[in-house]
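Structure first, commentary second.
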Amino acid sequence: MQVRHMRYFAFIAATILVLSSHVNSAKADVDFSHDILPILTDHCMHCHGVDEEGRQGGLRLDLRDAALMGGDSGLSALSPEEPADSTLLARIHASDTSERMPPPETKNPLSAEQLAKLDEWIEAGAPYSQHWAFESPQKVPLPSAGVDPHSKNPIDAFVLAKLQAAGMSVSPPAEPEILARRLYLDVIGLPPSPQQLAEFSKTNLGDTLDALLNSERYGEKWGRHWLDIARYSDTNGYEKDVRREQWIYRDWVIDAFNRDMPYNQFIVEQVAGDLLPDSTQQQRIATGFLRNSMINEEGAIVPEQFRMVEMFDRMDCIGKGVMGLSLQCAQCHSHKFDPITHDEYYGIFNYLNNTYEAQSWVYTDDQLNKIAEIQQGVEDVENRIRAAHPDWSNKMAAWESQLKASDISWTPLKPTELGSVSGLSHPAPQPDHSLLMLGHGSGEIYLKASPSLEGVTGMQIEILTHGDLPFGGPGRSSVGGWALAEFEVHVRLPGTTDWQKLAMTAATADFSEPETLQGEAKKSHGPVQNAIDGDHATLWKADRGIGLRNQPSVAVFQFEQPLAYPEGTELKIALHMTDMIGCCRISTTTAPAPTALPVDYGAILAMHVPVAERAANDLSYLFTGWRKSDAMINAEGAAAWDAEIRELWQQTPQALTSVLNLAERLPTQTRSTHLLERGAWDQPSHIVLPQTPAALHPLEPSTEPPRLAFARWLVDPRSPLAARVAVNRVWQAIFGKGLVETPEDFGTRAPIPEYQEMLDWLAVDFMEHGWSQKHLIRTILTSSTYQQASSASPEQLELDPRNRLLGRGPRFRADAEVVRDIALTTSGLISFKQGGPGVIPPVPQNVLEYNYVYPSYWTAAEGSDRYRRTVYGFRKRSMPDPVMSSFDGPNGDLSCARRARSNTPLAALASLNETIFVESARALALRILREAGPTEKDRIEYGFLLCTARKPSEQESTALLSLIRSQRQKMAEGWLNMREIATGNPATLPTLPEHATPQDAAVWTIASRVLLSLDETISKN
């Protein structure tokens, strides 16, 4: 220990010598956020940051007070008044490698420049400041030096000033036709036609831009970027990867962009639209945003484990897409680099944790009007009933009292063991003693219990609705229905191994469907007696029909004689089902001759709700029960009223589709949120209350539901992140990379943006203009910066090879969907039909066969649907379209804030050989032959114009002409099959022009494949 202290003081002495060389160069204006924090983040924070559990030596460097206090050694890391006493400097300059920080074994040494910066900072007093991205953006005065006084665009002011300071100049404007194509691709994701190119040269750019922003194609282009964030897909993922109906959410996103929904409203509706006052169907659809997670339907899973996986995915999605923070880093421990503690992560988690995994019907506007008309009709009939019985409330109260007196006492079973034969149903006990089926299977479930069986006369099964079931259940079928084949009861006496089946003689229910005979054997479906007849082919069903089917039911089964079994006797209940019951509760009674009360079970449940807590649904059940009761059934007009109401409900329309969405859990079903040790689902620690990170703006107390308050907090005008992240995402889509190059992470590890002040200016301007994304896009696209030519001079390539200073226009390969849409548009095949279910693309047969579960629904679209815009393509997670994958399209497993942009032979092969490109080449050939002049030169020029928006150079014309001539020669010699090349599928192609020959079509199909594969065709220049 003594030797160690002597070595330490030697380091201090050496440090004094080092510091002496920097005293005269100390600068008071060193910027902590820009100059020092990146150094500490990269080299120190992993061991000396927010994460207390992983902190070394008790030293924390992200807070000034903690650094001054020092770590376990008691020595201050920073001594601003006496820099030579700063142990931080002693350790980073230590000559002894065993004392030097960062440790040499990390292979992350500080550079001489970084060491000098740290010296200067401490000599200047070691001032701290908040990371720039955690402070609310502000508009700074626009730079004026070197700026064109006639330019009113703020982007140009920032860029010109920066370029001037770097000794660089702007590039000249892009050629009109190149700029036109750039604008079209950026605003609507489609190239302009030759006619639109001609009009562009005659029209004011602002007018063209306004027309494009108001086009329905705009939302299809810009909504796609958000769908990457939302990890949108048409399948569930994992091994089965079964189909889901979620396309209505995709259509909601596109519509929101077309309407230029304010971005803050856009976020609020997606996170908590269901909680808005008088929420609309569209606002509930919006919450599909957080339901786009993958869903695991394997048999051997633990449902709660994968619910947690979905929750972590939702946190990741909000972190990447809205906050621009790597929230997932705090799932297992406090963030190593950013001020997000482990508890704060689960505080945010809490806001999202109290939701149902809901699925809801979606109706068209006409259908919603019809439903409202039906509901009004039912209300009118009920009002007539009330008018005919002025004392109806007293009569209903008397009926309810009589009903309560008739109700018998039931004791719910408390399972000692639960299971399912298929392993897919996953029954789980709930606090109210019900069983919720968390899986997706059917067949048999069983429960074992050890209740008192002395004097038990019967059993009851309540089939209950629940928010986690499709449409509230109570079943798990595609419409929330169920079918019970057999209710079996077995006992096992103490000390024995055999189970004895008990006979039941009478079955009653609140409702059974009218009997129908099904199958060749004419098996009974409907009556409740089928549930105890010993025949698994007969069914008890209680579907009340469309509009009324998603409500609870009950059945009571009597034993032949009261049971008399000793204490310790085990009871086993087996439920055999064809369509799975989603939630049920099983109980016993000792009441003599128990039967189900003759009223819809919803009324029985409502009867037990305290009067002050009854909701509209409870009151509706009670009123319906009373009007259909024995006391009313013989009243004058009662039969006619009941028939009128039944007829009204039968008019309920079939829904357009369904959507996975969020719904807030009932007060009786709320969840507690626990911090999970190491992020493990089965390692809960203490309860965590809702909270947001202390380093960000506060969430003010609110009377709104917590999730809605959190949604508003995300896009609060004081938020340092929301507007910046949104602006950066738009910039990234237009320029190929964001002003912040890591759009999913604005934290301390992110590279400092070259144009931070411009980003902040645009973020504030974005909010000041109503969070309008169209305004933001217009601001960017009307700048001279955007309109520059994209070609780079040798000087620019040397001084700014990555175009960080924006001295030239954007140029990069288009996204996967745009590459496909360019081919379809250029060829004339594209269909502009909007919305609807995902269109299934053609894929090779071996791709289909590779699936774990063969997608039997996979039949490639034909006709015009085959050529819909790619945003409407069917997205299967485990089997991405090879065209999309080859051009770096994500598969929807995770939220994607930025795409990779690779350059591989697979992309070239896809553009030459994949079905959609081959068909586009054939159609493009016919279009050229139909619309171009009669000579090969005319056709070459027109083909280039369609694909690149310009005429070819002499060299390009010569090369293409040579290709055409060589192909004609090969056909003449029999080397190529002309018919196979030229015709393809005649049902999907225009007809051959009268003046053209099949040979013309064949050679131009080959030439068109080349044109569609040009770098310039698939790039935005």
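If you're wondering about the labels, chains in the structure tokens are A, B, ... by order shown, residues count from 1 in each chain, ligands from 1 in order shown.
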Which residues are close to Glu560 of chain A, i.e. within 12 Å by only C-alpha atoms, leaving aside same-chain residues fewer than 2 positions away? Reply as a PDB file with C-alpha atoms, in the first residue's frame.
```
ATOM      1  CA  GLY A 455     -72.623 -31.779  -0.315  1.00  0.00           C
ATOM      2  CA  VAL A 456     -71.667 -30.259  -3.692  1.00  0.00           C
ATOM      3  CA  THR A 457     -74.721 -30.411  -5.935  1.00  0.00           C
ATOM      4  CA  GLY A 458     -73.570 -28.772  -9.131  1.00  0.00           C
ATOM      5  CA  MET A 459     -70.990 -26.796 -11.050  1.00  0.00           C
ATOM      6  CA  LEU A 502     -68.816 -38.175 -12.350  1.00  0.00           C
ATOM      7  CA  ALA A 503     -72.152 -38.215 -14.117  1.00  0.00           C
ATOM      8  CA  MET A 504     -74.228 -35.070 -14.507  1.00  0.00           C
ATOM      9  CA  THR A 505     -77.890 -35.140 -15.307  1.00  0.00           C
ATOM     10  CA  ALA A 506     -79.170 -31.642 -15.977  1.00  0.00           C
ATOM     11  CA  ALA A 507     -77.704 -28.686 -17.806  1.00  0.00           C
ATOM     12  CA  PHE A 557     -74.564 -28.629 -14.470  1.00  0.00           C
ATOM     13  CA  GLN A 558     -76.182 -30.754 -11.751  1.00  0.00           C
ATOM     14  CA  PRO A 562     -74.887 -34.462  -3.923  1.00  0.00           C
ATOM     15  CA  LEU A 563     -71.234 -35.365  -3.623  1.00  0.00           C
ATOM     16  CA  PRO A 592     -80.256 -27.802  -3.990  1.00  0.00           C
ATOM     17  CA  ALA A 593     -81.078 -28.407  -7.688  1.00  0.00           C
ATOM     18  CA  PRO A 594     -78.993 -25.492  -9.010  1.00  0.00           C
TER      19      PRO A 594
END
```
Go through segment 417-448 of chain A and collect every residue that DSSP, computed from the backbone, puts in strand (DSSP E or B); the answer should be as a list in words.
Glu417, Leu418, Gly419, Ser420, Pro427, Ala428, Pro429, Leu435, Leu436, Met437, Gly443, Glu444, Ile445, Tyr446, Leu447 and Lys448 of chain A
Would you please work out which residue, of A:Gln845, A:Gln732, A:Gln650, A:Gln281, is nearest to Trp858 of chain A when using only C-alpha atoms?
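Distance minimum relative to Trp858 of chain A lands on A:Gln845.
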Taking only C-alpha atoms into account, produce a table as CSV in which each residue of segment 872-935 of chain A with an atom at most 9 Å from an atom of segment 1008-1018 of chain A appears once, together with its shortest atom pair and the distance in Å to one decimal, ordered by chain and rising number.
```
residue,atom,partner,partner_atom,distance
A:Ala908,CA,A:Ser1013,CA,7.1
A:Ser911,CA,A:Ser1013,CA,5.8
A:Leu912,CA,A:Arg1009,CA,6.0
A:Asn913,CA,A:Arg1009,CA,8.7
A:Phe917,CA,A:Arg1009,CA,7.6
A:Val918,CA,A:Arg1009,CA,7.0
A:Ser920,CA,A:Arg1009,CA,8.3
A:Ala921,CA,A:Ser1008,CA,5.0
A:Arg922,CA,A:Ser1008,CA,7.3
A:Ala923,CA,A:Ser1008,CA,8.9
A:Leu924,CA,A:Ser1008,CA,6.3
A:Ala925,CA,A:Ser1008,CA,5.9
```
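Using only C-alpha atoms for every distance, the candidate list A:Gly441, A:Pro667, A:Pro38, A:Pro104 yields A:Gly441 as the residue closest to Arg476 of chain A.
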Taking the chain letters and numbering used in this document, name the residues of segment 436-620 of chain A that DSSP puts in alpha helix (DSSP H), as a ChimeraX atom specification.
/A:601-607,616-620
Would you output that residue set with C-alpha atoms, as a compact mmCIF listing (two decimals), in the first residue's frame?
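That gives us result_11.txt:
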```txt
# COMPACT_ATOMS: atom_id res chain seq x y z
CA TYR A 601 -75.56 -13.48 -17.91
CA GLY A 602 -74.39 -9.93 -18.54
CA ALA A 603 -77.31 -8.79 -16.37
CA ILE A 604 -76.29 -11.16 -13.56
CA LEU A 605 -72.76 -9.79 -13.58
CA ALA A 606 -74.05 -6.19 -13.74
CA MET A 607 -76.35 -6.91 -10.80
CA ALA A 616 -73.46 2.19 -19.48
CA ASN A 617 -72.92 -1.41 -20.51
CA ASP A 618 -74.06 -2.67 -17.10
CA LEU A 619 -77.23 -0.58 -17.25
CA SER A 620 -77.95 -1.83 -20.77
```
Would you please work out which residue, of A:Gln246, A:Ser422, A:Asn851, A:Ser201, is nearest to Ile178 of chain A when using only C-alpha atoms?
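So, comparing all the options, the nearest one is A:Ser201.
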What are the closest atom pairs, with distances in Å to one decimal, for all residues of segment 390-496 of chain A lying within 7 Å of segment 523-534 of chain A? Consider only C-alpha atoms, order rows by chain and residue number, and present the result as a tab-separated table.
```
residue	atom	partner	partner_atom	distance
A:Leu484	CA	A:Ala531	CA	6.3
A:Ala485	CA	A:Ala531	CA	5.4
A:Glu486	CA	A:Ala531	CA	4.3
A:Phe487	CA	A:Ala531	CA	5.5
```
Emit the selected residues as an mmCIF file, in the first residue's frame, including all heavy atoms.
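Below is the file that was written, selection-v9.cif:
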```cif
data_model
loop_
_atom_site.group_PDB
_atom_site.id
_atom_site.type_symbol
_atom_site.label_atom_id
_atom_site.label_comp_id
_atom_site.auth_asym_id
_atom_site.auth_seq_id
_atom_site.Cartn_x
_atom_site.Cartn_y
_atom_site.Cartn_z
ATOM 1 N N LEU A 484 -68.237 -25.327 -26.814
ATOM 2 C CA LEU A 484 -67.857 -26.297 -25.784
ATOM 3 C C LEU A 484 -68.422 -27.663 -26.147
ATOM 4 O O LEU A 484 -69.639 -27.856 -26.253
ATOM 5 C CB LEU A 484 -68.394 -25.855 -24.421
ATOM 6 C CG LEU A 484 -68.084 -26.776 -23.236
ATOM 7 C CD1 LEU A 484 -66.577 -26.915 -23.018
ATOM 8 C CD2 LEU A 484 -68.762 -26.257 -21.970
ATOM 9 N N ALA A 485 -67.517 -28.620 -26.370
ATOM 10 C CA ALA A 485 -67.942 -29.975 -26.737
ATOM 11 C C ALA A 485 -68.297 -30.808 -25.513
ATOM 12 O O ALA A 485 -69.277 -31.558 -25.530
ATOM 13 C CB ALA A 485 -66.840 -30.668 -27.538
ATOM 14 N N GLU A 486 -67.528 -30.695 -24.452
ATOM 15 C CA GLU A 486 -67.781 -31.546 -23.284
ATOM 16 C C GLU A 486 -67.195 -30.897 -22.035
ATOM 17 O O GLU A 486 -66.086 -30.342 -22.049
ATOM 18 C CB GLU A 486 -67.159 -32.932 -23.489
ATOM 19 C CG GLU A 486 -67.809 -34.033 -22.682
ATOM 20 C CD GLU A 486 -69.238 -34.334 -23.114
ATOM 21 O OE1 GLU A 486 -69.617 -34.006 -24.272
ATOM 22 O OE2 GLU A 486 -69.993 -34.897 -22.303
ATOM 23 N N PHE A 487 -67.998 -30.946 -20.960
ATOM 24 C CA PHE A 487 -67.573 -30.499 -19.635
ATOM 25 C C PHE A 487 -67.517 -31.747 -18.768
ATOM 26 O O PHE A 487 -68.559 -32.320 -18.433
ATOM 27 C CB PHE A 487 -68.579 -29.488 -19.083
ATOM 28 C CG PHE A 487 -68.224 -28.920 -17.739
ATOM 29 C CD1 PHE A 487 -67.567 -27.694 -17.639
ATOM 30 C CD2 PHE A 487 -68.545 -29.587 -16.564
ATOM 31 C CE1 PHE A 487 -67.254 -27.162 -16.398
ATOM 32 C CE2 PHE A 487 -68.225 -29.067 -15.322
ATOM 33 C CZ PHE A 487 -67.577 -27.833 -15.239
#
```
Env of Leu762 of chain A: 12 Å cut, atoms = only C-alpha atoms, seq-sep filter 3 positions within chain, self excluded. Answer as a short mmCIF file (atom, residue, chain, number, x, y, z; two decimals) with N, CA and C atoms, in the first residue's frame.
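Listing of selection.cif after writing:
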```
data_model
loop_
_atom_site.label_atom_id
_atom_site.label_comp_id
_atom_site.auth_asym_id
_atom_site.auth_seq_id
_atom_site.Cartn_x
_atom_site.Cartn_y
_atom_site.Cartn_z
N PRO A 137 -34.53 23.05 -27.98
CA PRO A 137 -33.95 23.78 -29.11
C PRO A 137 -34.36 25.26 -29.08
N GLN A 138 -33.46 26.08 -29.57
CA GLN A 138 -33.71 27.53 -29.65
C GLN A 138 -33.35 28.01 -31.03
N LYS A 139 -34.03 29.05 -31.47
CA LYS A 139 -33.68 29.69 -32.73
C LYS A 139 -32.58 30.71 -32.49
N VAL A 140 -31.42 30.48 -33.07
CA VAL A 140 -30.36 31.48 -33.00
C VAL A 140 -30.52 32.43 -34.18
N LEU A 142 -29.93 34.06 -37.62
CA LEU A 142 -29.36 33.47 -38.82
C LEU A 142 -28.02 34.11 -39.14
N ASN A 153 -34.21 31.78 -47.35
CA ASN A 153 -34.29 30.45 -46.78
C ASN A 153 -33.25 30.29 -45.67
N PRO A 154 -33.69 29.93 -44.46
CA PRO A 154 -32.74 29.82 -43.34
C PRO A 154 -31.67 28.76 -43.57
N ILE A 155 -32.00 27.70 -44.28
CA ILE A 155 -31.02 26.64 -44.53
C ILE A 155 -29.83 27.20 -45.29
N PHE A 158 -27.36 29.19 -43.04
CA PHE A 158 -26.44 28.37 -42.25
C PHE A 158 -25.38 27.71 -43.13
N ALA A 723 -39.20 17.36 -31.62
CA ALA A 723 -39.15 18.09 -32.89
C ALA A 723 -37.83 17.86 -33.60
N ARG A 724 -36.74 17.81 -32.85
CA ARG A 724 -35.44 17.55 -33.47
C ARG A 724 -35.44 16.19 -34.19
N VAL A 725 -35.97 15.18 -33.53
CA VAL A 725 -35.98 13.83 -34.11
C VAL A 725 -36.82 13.80 -35.37
N ALA A 726 -37.98 14.46 -35.34
CA ALA A 726 -38.85 14.48 -36.52
C ALA A 726 -38.19 15.22 -37.68
N VAL A 727 -37.59 16.37 -37.40
CA VAL A 727 -36.91 17.14 -38.45
C VAL A 727 -35.75 16.34 -39.02
N ASN A 728 -35.01 15.69 -38.16
CA ASN A 728 -33.86 14.92 -38.61
C ASN A 728 -34.27 13.75 -39.50
N VAL A 730 -36.89 13.64 -41.49
CA VAL A 730 -37.24 14.19 -42.79
C VAL A 730 -35.98 14.54 -43.57
N TRP A 731 -35.02 15.15 -42.89
CA TRP A 731 -33.76 15.51 -43.54
C TRP A 731 -33.05 14.26 -44.07
N LEU A 739 -29.01 15.17 -40.26
CA LEU A 739 -28.09 16.14 -39.66
C LEU A 739 -27.42 15.49 -38.45
N TYR A 755 -24.38 20.75 -38.30
CA TYR A 755 -25.33 21.87 -38.37
C TYR A 755 -26.33 21.79 -37.22
N GLN A 756 -25.81 21.77 -36.01
CA GLN A 756 -26.69 21.68 -34.85
C GLN A 756 -27.60 22.90 -34.75
N GLU A 757 -27.06 24.08 -34.97
CA GLU A 757 -27.88 25.29 -34.86
C GLU A 757 -28.96 25.32 -35.92
N MET A 758 -28.66 24.79 -37.11
CA MET A 758 -29.68 24.73 -38.15
C MET A 758 -30.76 23.72 -37.78
N LEU A 759 -30.35 22.59 -37.23
CA LEU A 759 -31.32 21.60 -36.79
C LEU A 759 -32.26 22.21 -35.75
N ASP A 765 -38.94 26.10 -35.77
CA ASP A 765 -39.81 26.54 -36.85
C ASP A 765 -40.90 25.50 -37.13
N PHE A 766 -40.54 24.24 -37.05
CA PHE A 766 -41.48 23.14 -37.23
C PHE A 766 -42.63 23.25 -36.23
N MET A 767 -42.28 23.49 -34.97
CA MET A 767 -43.32 23.62 -33.94
C MET A 767 -44.12 24.90 -34.13
N GLU A 768 -43.45 25.98 -34.50
CA GLU A 768 -44.15 27.25 -34.68
C GLU A 768 -45.16 27.20 -35.83
N HIS A 769 -44.95 26.31 -36.77
CA HIS A 769 -45.87 26.17 -37.90
C HIS A 769 -46.78 24.95 -37.72
N TRP A 771 -46.44 22.06 -36.21
CA TRP A 771 -45.86 20.74 -36.37
C TRP A 771 -46.22 20.17 -37.75
N SER A 772 -46.21 21.03 -38.76
CA SER A 772 -46.59 20.63 -40.11
C SER A 772 -45.39 20.04 -40.84
N GLN A 773 -45.50 18.77 -41.23
CA GLN A 773 -44.41 18.13 -41.95
C GLN A 773 -44.33 18.65 -43.39
N HIS A 775 -44.93 21.73 -44.27
CA HIS A 775 -44.20 23.00 -44.18
C HIS A 775 -42.70 22.75 -44.09
N LEU A 776 -42.32 21.77 -43.27
CA LEU A 776 -40.90 21.45 -43.11
C LEU A 776 -40.30 21.00 -44.44
N ILE A 777 -40.98 20.10 -45.13
CA ILE A 777 -40.47 19.61 -46.41
C ILE A 777 -40.37 20.75 -47.41
N ARG A 778 -41.36 21.63 -47.41
CA ARG A 778 -41.34 22.78 -48.34
C ARG A 778 -40.13 23.67 -48.05
N THR A 779 -39.85 23.90 -46.77
CA THR A 779 -38.71 24.73 -46.39
C THR A 779 -37.41 24.13 -46.93
N ILE A 780 -37.26 22.84 -46.79
CA ILE A 780 -36.03 22.18 -47.24
C ILE A 780 -35.93 22.21 -48.76
#
```
Find the residues around Glu400 of chain A up to 10 Å (only C-alpha atoms counted), leave out those fewer than 2 positions away in its own chain, and share them as a ChimeraX atom specification.
/A:394-398,402-406,603-604,607,622-623,625-626
Restricted to N, CA and C atoms, what would the selected residues look like written as a short mmCIF file (atom, residue, chain, number, x, y, z; two decimals), in the first residue's frame?
```cif
data_model
loop_
_atom_site.label_atom_id
_atom_site.label_comp_id
_atom_site.auth_asym_id
_atom_site.auth_seq_id
_atom_site.Cartn_x
_atom_site.Cartn_y
_atom_site.Cartn_z
N ASN A 394 -88.86 1.66 -11.00
CA ASN A 394 -89.23 0.92 -9.79
C ASN A 394 -89.44 -0.56 -10.10
N LYS A 395 -90.08 -0.83 -11.23
CA LYS A 395 -90.29 -2.22 -11.62
C LYS A 395 -88.97 -2.93 -11.86
N MET A 396 -88.02 -2.22 -12.50
CA MET A 396 -86.73 -2.85 -12.77
C MET A 396 -85.97 -3.10 -11.48
N ALA A 397 -86.08 -2.15 -10.52
CA ALA A 397 -85.40 -2.34 -9.23
C ALA A 397 -86.00 -3.53 -8.49
N ALA A 398 -87.33 -3.67 -8.57
CA ALA A 398 -87.99 -4.81 -7.90
C ALA A 398 -87.57 -6.11 -8.56
N GLN A 402 -85.56 -9.28 -6.87
CA GLN A 402 -86.04 -10.65 -6.97
C GLN A 402 -84.97 -11.55 -7.58
N LEU A 403 -84.24 -11.00 -8.55
CA LEU A 403 -83.18 -11.77 -9.20
C LEU A 403 -82.06 -12.08 -8.21
N LYS A 404 -81.70 -11.08 -7.42
CA LYS A 404 -80.65 -11.30 -6.42
C LYS A 404 -81.08 -12.37 -5.42
N ALA A 405 -82.35 -12.34 -5.05
CA ALA A 405 -82.84 -13.34 -4.09
C ALA A 405 -82.81 -14.73 -4.68
N SER A 406 -82.96 -14.82 -6.01
CA SER A 406 -82.95 -16.14 -6.67
C SER A 406 -81.54 -16.65 -6.90
N ALA A 603 -76.49 -9.44 -17.39
CA ALA A 603 -77.31 -8.79 -16.37
C ALA A 603 -76.96 -9.30 -14.97
N ILE A 604 -76.67 -10.60 -14.86
CA ILE A 604 -76.29 -11.16 -13.56
C ILE A 604 -74.99 -10.52 -13.08
N MET A 607 -75.60 -6.98 -12.06
CA MET A 607 -76.35 -6.91 -10.80
C MET A 607 -75.42 -6.86 -9.59
N LEU A 622 -78.88 -4.77 -17.68
CA LEU A 622 -79.97 -4.86 -16.70
C LEU A 622 -81.31 -4.50 -17.33
N PHE A 623 -81.33 -3.45 -18.12
CA PHE A 623 -82.59 -3.06 -18.76
C PHE A 623 -83.08 -4.15 -19.70
N GLY A 625 -82.35 -7.33 -19.54
CA GLY A 625 -82.79 -8.46 -18.72
C GLY A 625 -84.19 -8.23 -18.17
N TRP A 626 -84.46 -7.01 -17.72
CA TRP A 626 -85.79 -6.72 -17.16
C TRP A 626 -86.88 -6.78 -18.23
#
```
Neighbouring residues of segment 132-135 of chain A were defined as those with any atom within 9 Å, considering only C-alpha atoms; residues of the same chain fewer than 3 positions away were excluded. Please report them as number ranges by chain.
A: 33-34, 129, 138, 695-697, 718-721, 724, 746-748, 752, 756
Thr859 of chain A environment, 10 Å, only C-alpha atoms, sequence neighbours closer than 6 positions dropped, as a VMD selection string
chain A and resid 839 to 843
Go ahead and dump the residues you just picked, C-alpha atoms, as a short mmCIF file (atom, residue, chain, number, x, y, z; two decimals), in the first residue's frame.
```cif
data_model
loop_
_atom_site.label_atom_id
_atom_site.label_comp_id
_atom_site.auth_asym_id
_atom_site.auth_seq_id
_atom_site.Cartn_x
_atom_site.Cartn_y
_atom_site.Cartn_z
CA VAL A 839 -50.99 -7.24 -52.22
CA ILE A 840 -49.08 -10.51 -52.46
CA PRO A 841 -46.02 -10.21 -54.73
CA PRO A 842 -44.59 -12.99 -56.90
CA VAL A 843 -41.70 -14.84 -55.25
#
```
Could you name the residues that touch Glu931 of chain A at 10 Å or less, counting only C-alpha atoms, but leaving out those on the same chain fewer than 4 positions away, as number ranges by chain?
A: 926-927, 938-939, 942-943, 993
Taking all heavy atoms for each residue, export the selection above as a JSON list (two decimals), in the first residue's frame.
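Below is the file that was written, out-v4.json:
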```
[["chain", "number", "residue", "atom", "x", "y", "z"],
["A", 926, "LEU", "N", -42.68, -2.04, -74.84],
["A", 926, "LEU", "CA", -43.88, -1.74, -75.62],
["A", 926, "LEU", "C", -44.25, -0.26, -75.55],
["A", 926, "LEU", "O", -44.74, 0.32, -76.52],
["A", 926, "LEU", "CB", -45.04, -2.60, -75.11],
["A", 926, "LEU", "CG", -44.87, -4.11, -75.32],
["A", 926, "LEU", "CD1", -46.02, -4.87, -74.68],
["A", 926, "LEU", "CD2", -44.77, -4.45, -76.79],
["A", 927, "ARG", "N", -43.99, 0.36, -74.40],
["A", 927, "ARG", "CA", -44.27, 1.79, -74.28],
["A", 927, "ARG", "C", -43.37, 2.60, -75.19],
["A", 927, "ARG", "O", -43.81, 3.54, -75.86],
["A", 927, "ARG", "CB", -44.09, 2.24, -72.82],
["A", 927, "ARG", "CG", -44.39, 3.72, -72.62],
["A", 927, "ARG", "CD", -44.22, 4.18, -71.19],
["A", 927, "ARG", "NE", -44.62, 5.56, -71.03],
["A", 927, "ARG", "CZ", -44.52, 6.26, -69.92],
["A", 927, "ARG", "NH1", -44.03, 5.69, -68.82],
["A", 927, "ARG", "NH2", -44.90, 7.53, -69.88],
["A", 938, "ASP", "N", -34.62, 7.64, -82.02],
["A", 938, "ASP", "CA", -35.77, 8.20, -81.31],
["A", 938, "ASP", "C", -36.12, 7.35, -80.09],
["A", 938, "ASP", "O", -36.41, 7.87, -79.01],
["A", 938, "ASP", "CB", -36.99, 8.26, -82.23],
["A", 938, "ASP", "CG", -36.81, 9.23, -83.38],
["A", 938, "ASP", "OD1", -36.03, 10.19, -83.23],
["A", 938, "ASP", "OD2", -37.46, 9.01, -84.43],
["A", 939, "ARG", "N", -36.10, 6.06, -80.29],
["A", 939, "ARG", "CA", -36.47, 5.16, -79.21],
["A", 939, "ARG", "C", -35.45, 5.19, -78.07],
["A", 939, "ARG", "O", -35.83, 5.17, -76.88],
["A", 939, "ARG", "CB", -36.60, 3.73, -79.75],
["A", 939, "ARG", "CG", -37.76, 3.57, -80.74],
["A", 939, "ARG", "CD", -37.68, 2.26, -81.50],
["A", 939, "ARG", "NE", -38.81, 2.09, -82.42],
["A", 939, "ARG", "CZ", -38.93, 1.11, -83.30],
["A", 939, "ARG", "NH1", -37.95, 0.20, -83.40],
["A", 939, "ARG", "NH2", -39.97, 1.04, -84.08],
["A", 942, "TYR", "N", -36.00, 8.41, -76.13],
["A", 942, "TYR", "CA", -37.22, 8.38, -75.33],
["A", 942, "TYR", "C", -37.07, 7.44, -74.14],
["A", 942, "TYR", "O", -37.52, 7.73, -73.02],
["A", 942, "TYR", "CB", -38.40, 7.95, -76.20],
["A", 942, "TYR", "CG", -39.73, 8.17, -75.53],
["A", 942, "TYR", "CD1", -40.20, 9.45, -75.28],
["A", 942, "TYR", "CD2", -40.53, 7.09, -75.15],
["A", 942, "TYR", "CE1", -41.43, 9.66, -74.67],
["A", 942, "TYR", "CE2", -41.77, 7.28, -74.54],
["A", 942, "TYR", "CZ", -42.20, 8.58, -74.30],
["A", 942, "TYR", "OH", -43.42, 8.80, -73.69],
["A", 943, "GLY", "N", -36.41, 6.30, -74.33],
["A", 943, "GLY", "CA", -36.18, 5.37, -73.23],
["A", 943, "GLY", "C", -35.33, 6.00, -72.14],
["A", 943, "GLY", "O", -35.62, 5.84, -70.94],
["A", 993, "PRO", "N", -47.77, -2.52, -80.48],
["A", 993, "PRO", "CA", -48.23, -1.52, -81.44],
["A", 993, "PRO", "C", -48.25, -2.09, -82.86],
["A", 993, "PRO", "O", -47.45, -2.97, -83.21],
["A", 993, "PRO", "CB", -47.20, -0.39, -81.30],
["A", 993, "PRO", "CG", -46.57, -0.60, -79.98],
["A", 993, "PRO", "CD", -46.60, -2.07, -79.72]]
```
Closest to Ala655 of chain A among A:Asp630, A:Asp579, A:Glu444, A:Asp366, using only C-alpha atoms?
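Counting only C-alpha atoms, the residue closest to Ala655 of chain A is A:Asp366.
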If you measure from atom CA of Glu919 of chain A to atom CA of Gly974 of chain A, what distance in Å do you get, rounded to one decimal?
22.8 Å
